[in-house]
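First the structure, in the form of structure tokens, and then the observations on it.
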Amino acid sequence: MQETVKKLTPEPEYKIIGTRPQRPDGVDKVTGRARFGADHNLPGQLTGLVLRSPHPHANIRSIDVSAAMALPGVKAIVTRDDFKDQGSEFVPAGEMLINYRDVVRNVMARERALYEGHAVAAVAALSPSIAKAALKLIKVDYEILPHVLDVDEAMAPGAPILHPGMITAGMDPAPKRESNVAKRVEFALGDVAKGFAAADVIVERHFETKSVHQGYIEPHACLATVAEDGQADIWVSTQGHWIVRAHCARLLGMDISKIRVTATEIGGGFGGKTVVYLEPLALALSRKAGKPVKMTMSRDEVFRATGPTSGAKMRIKIGATKDGRIVACDGELKYLAGAFQGSPVAPGCMCAFAPYDVDHVKIVGYDVVSNRPKVAAYRAPGGPISGYAVESVIDELASKLKLDPIAFRLKNAARQGTKAAYGPKFGPVGLVESLQAAQSHDHWKAPLKVNQGRGIAAGFWFNIGGETTVSIALNEDGTLVLMAGTPDIGGLRASLCMMAAEELGIGMDAIRVTIADTQSLGYNFLTGGSRSTFSSGMGVVEASRSIVKQVCERAAKLWELPTDAIEYVDGSVRPAGANAGKHPPMTLKQVAAMAGKTGGPIVGSSSINAHGAAPSFGVHLCDVEVDPETGRTTIIRYTVIQDAGRAIHPAYVEGQYQGGAVQGIGWALNEEYVYGTDGKLQNAGFLDYRIPVASDLPMIDTVIVEVPNPAHPYGVRGIGETPIVPPMGAIANAITHATGLRFQSLPMSPPKVLAAIDAARAVGDVNFKLKVA
Amino acid sequence: MAKHHVSFTINGDPTEILCETHATLLDVLRDELELTGTKEGCSTGDCGACSVTVDGRLVCSCLMLGVEANGKAIGTVEGLAKGDKLHVLQEKFLEHHALQCGICTPGFLVASKALLEKNPDPTETEVRYWLAGNLCRCTGYDKIVRAVMDAATVMRGA
Ligand code: FES
Ligand code: FES
């Protein structure tokens, strides 16, 4: 086991930051007491179910619900007619943008069903069995249209058009003909032609990745109730309950203040719970039926109707000089958006070459619609796809130049002052430090056995800040209530509690952390973009400091001293400087007890737009063994090295590193959406969509590098997303070094690897090096 | 359709319910008895979130009918702690930070308990294979495996 924290700057003296206390919500989560999305019920609630299109592409001529409505026990049915059409307007959702014109069409098909599983109607009934029977009685008249799934086919002239009249944005001049290409983006720096002219070696390769799902274990679930006066409540498993509120208010034409959203405990999201699916339907059904409506998706529905991330086709070209300096990078990325525009191709472009300091860069991306479910954010959306391709080419270049892959990367690594192709100059970043940590790690030097190979890859993610409100109230007994508004997916309460305890100089036990509902706290953007510890943490620090200030003011008043003659140390106030010793110190508890007499309740709050989020770079090392007879790849050893800025709770930082790496292992080796020629998904369940299980894996070693983010009071960077960027590249490179063969398409599943092995044997490929025992 | 009268014990407590023929044990636990600690991740036997024990055997409660529980002893996550004393596995999951979102945790705890009752001294590989039917998408399993191994050590010593 290797779990190390590398402190690169002299550490301030913290009492709590950097320790590993138990999480405040831990007991609830090991006893079954914690209530997740599907664990909330109301008396008299109805069951809501969704009718979904069996066709990947069809005009909806008519929907007849009369027979279903006549079934005893059916209380309400909603279709497209229950939702007002929306104009085109983009709003941010995590790091992605969504358009209300599309959101209203994705939650309920309007003119067309655009993918198999697209919602067409929803029913609320007294029981699940009545609701199911009602779905069968709804008559939908479909006119089946030809469908398209593949990105190249969707872009080809004559392809079936999903959105008549869609003209590619971002082209000058604008194309005259409609197409499935929603948007073209381009990022450039310098002059790539000039750059390549100076190159001694150029590698250009094509890559393909498949759609993969976030695979959170908890299916989407919500409970909604609308009262006769229009006041509504929703309990929902979401990454952002203020976002749910905004979307529902818009889609249902309700005032924002009428909708209270409570974020239940959330059983994983990874970006996939930043959008709405069931919530507007449940509200609309409840409004019609006058009763609470509970809706939960089956696993099948989760796969067919909620956002996977894009599959893609890419071309990457990189040139370097003999001495190992990268002189030019050029790329073209085509990402599948699903049925509506909004693939993460822009962040994919921006991330692609971000780890490297290169003068001449050009990258072009296309956002392409097809008859698949609309993609949603998935951990570092877009980054892992382009990162896989770029890190594969970097590895091949290093081999061609006969350079050590870490030394090659170090020579070209982005560092403070490097201008990224997407615009900004980096502040202090930890890529060089992470590469050095990889170089000196014993994993890098450990011997390999026959049929084994080692790979390395780097990765990058931006991270975001955003709108945040936090409030801390000092209770009359000196304990505190901390309210934050970013749902706690993986230990957030612990890190917020730690920051408050550190600031206030008290034990964590004295602070109870609550994720407040939308009615109890000011606005909060969602948990996404690796922002929650960063942004809510900033808010916690500001609110804590406000408490300290107020406590000092109260003591000053009591002691009749100026406020600046008071100091706050370790949970107590005392006179300072010339007045030191004049009065005995007063604890937080004593000040709290007298709050009424000294001016009333003491509440610290913070409402900010958190700026200064800093990127996090990571480096992964991976050893694989490839079985020459089955093509199966086994991960033998894996090490994640990443800059965390500062780890508030190192165990949860390690957990993010390990979990992200394992999602990446699944993406690299097994996971993919498999479609038939009929346009239907063939593996909508965990049996056939196989995510990694415990027996597939070794322990995942971690090294936390700490290059503090100067914009955060404790140096925090977002860390949750970067860990999924490097794995596919690291594993592809490891498989190459084990087999002598290059794989340019994911997943590198046993049949694909075996086919390559057989082909290499058949032609007597000299590079091929697997040995049969 | 007529409901069936079914009686069994849950975590030692005698329980009687009226059960529809098609209702799974998972439905009975969550919807009838409001024991929502047992989770539903797939309802097809692939994720292990619904793990319970039936007469001591580890079972996916989504794959068993409620009527089949008649006369059986059912164990769920709610039965692990005794009063305010957590089970060693629960303590170790907290100590090793073996959960992030926590949706898989009840299933892992029930499955791990069943393992340690059968095999008090498992190797890392045995733990990994026993728990291969429980999916966790957050942790990469590392800290879960450590927690189970550590709990085994403590339980053997006790
Ligand atoms: S819900 Fe039973 S195995 Fe997934
Ligand atoms: S902790 Fe989230 S699925 Fe295991």
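The way I read the labels, and the way they are meant: chains A, B, ... in the order of the structure tokens, residue 1 as the first residue of every chain, and ligand 1 as the first ligand shown, with later ones counted on from there.
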
Mind running chain B against chain A at 7 Å and telling me each contacting residue's nearest atom pair with the distance in Å (one decimal), counting only C-alpha atoms, chain and number ascending, as CSV?
residue,atom,partner,partner_atom,distance
B:Thr36,CA,A:Asp39,CA,5.9
B:Gly37,CA,A:Gly32,CA,3.7
B:Gly41,CA,A:Ile217,CA,5.4
B:Cys42,CA,A:Arg299,CA,5.0
B:Asp46,CA,A:Phe686,CA,5.8
B:Val77,CA,A:Gly32,CA,6.1
B:Glu78,CA,A:Thr31,CA,5.8
B:Gln90,CA,A:Val30,CA,5.7
B:Leu94,CA,A:Gln22,CA,6.1
B:Glu95,CA,A:Gln22,CA,6.3
B:His97,CA,A:Ala651,CA,6.6
B:Gln100,CA,A:Gly490,CA,4.0
B:Cys101,CA,A:Ile489,CA,5.0
B:Gly102,CA,A:Lys29,CA,5.8
B:Ile103,CA,A:Gly267,CA,4.8
B:Thr105,CA,A:Val30,CA,6.4
B:Pro106,CA,A:Gly32,CA,6.3
B:Arg128,CA,A:Ser695,CA,4.6
B:Tyr129,CA,A:Ser695,CA,5.0
B:Leu131,CA,A:Ala694,CA,6.4
B:Ala132,CA,A:Ala694,CA,5.2
B:Leu135,CA,A:Val693,CA,6.1
B:Cys136,CA,A:Ile217,CA,6.9
B:Arg137,CA,A:Tyr216,CA,6.0
B:Cys138,CA,A:Gly659,CA,4.9
B:Thr139,CA,A:Gly659,CA,4.3
B:Gly140,CA,A:Gly659,CA,4.3
B:Tyr141,CA,A:Ala694,CA,5.8
B:Asp142,CA,A:Met699,CA,5.2

**Message:** At a cut-off of 6 Å, using only C-alpha atoms, what residues contact region 642-646 of chain A? Leave out same-chain residues fewer than 3 positions from it and give the result as a list in words.
**Reply:**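 Returned residues: Gly430, Ser616, Phe617, Gly618, Ile704, Val705, Glu706, Val707, Pro708, Asn709, Gly715, Val716, Arg717 and Ile719 of chain A.
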
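If only C-alpha atoms and all ligand atoms are the atoms counted, then among B:Ala23, B:Cys47, B:Leu89, B:Cys104 the closest residue to ligand 2 is B:Cys104.
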
**Prompt:** Nearest to ligand 1 among B:Leu80, B:Ala111, B:Ile74, B:Ala2, with distances taken over only C-alpha atoms and all ligand atoms: which residue is it?
**Reply:** B:Ala111

**Request:** Name the residues of region 415-505 of chain A that come out as helix (DSSP H, G or I) in a backbone DSSP run; write them as a VMD selection string.
**Result:** chain A and resid 431 to 440 442 to 445 492 to 504

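Listed by chain and then residue number, the contacts of ligand 1 are Glu40, Gly41, Cys42, Ser43, Thr44, Gly45, Asp46, Cys47, Gly48, Ala49, Cys50, Cys60, Ser61 and Cys62 of chain B (distance at most 6 Å, using only C-alpha atoms and all ligand atoms).
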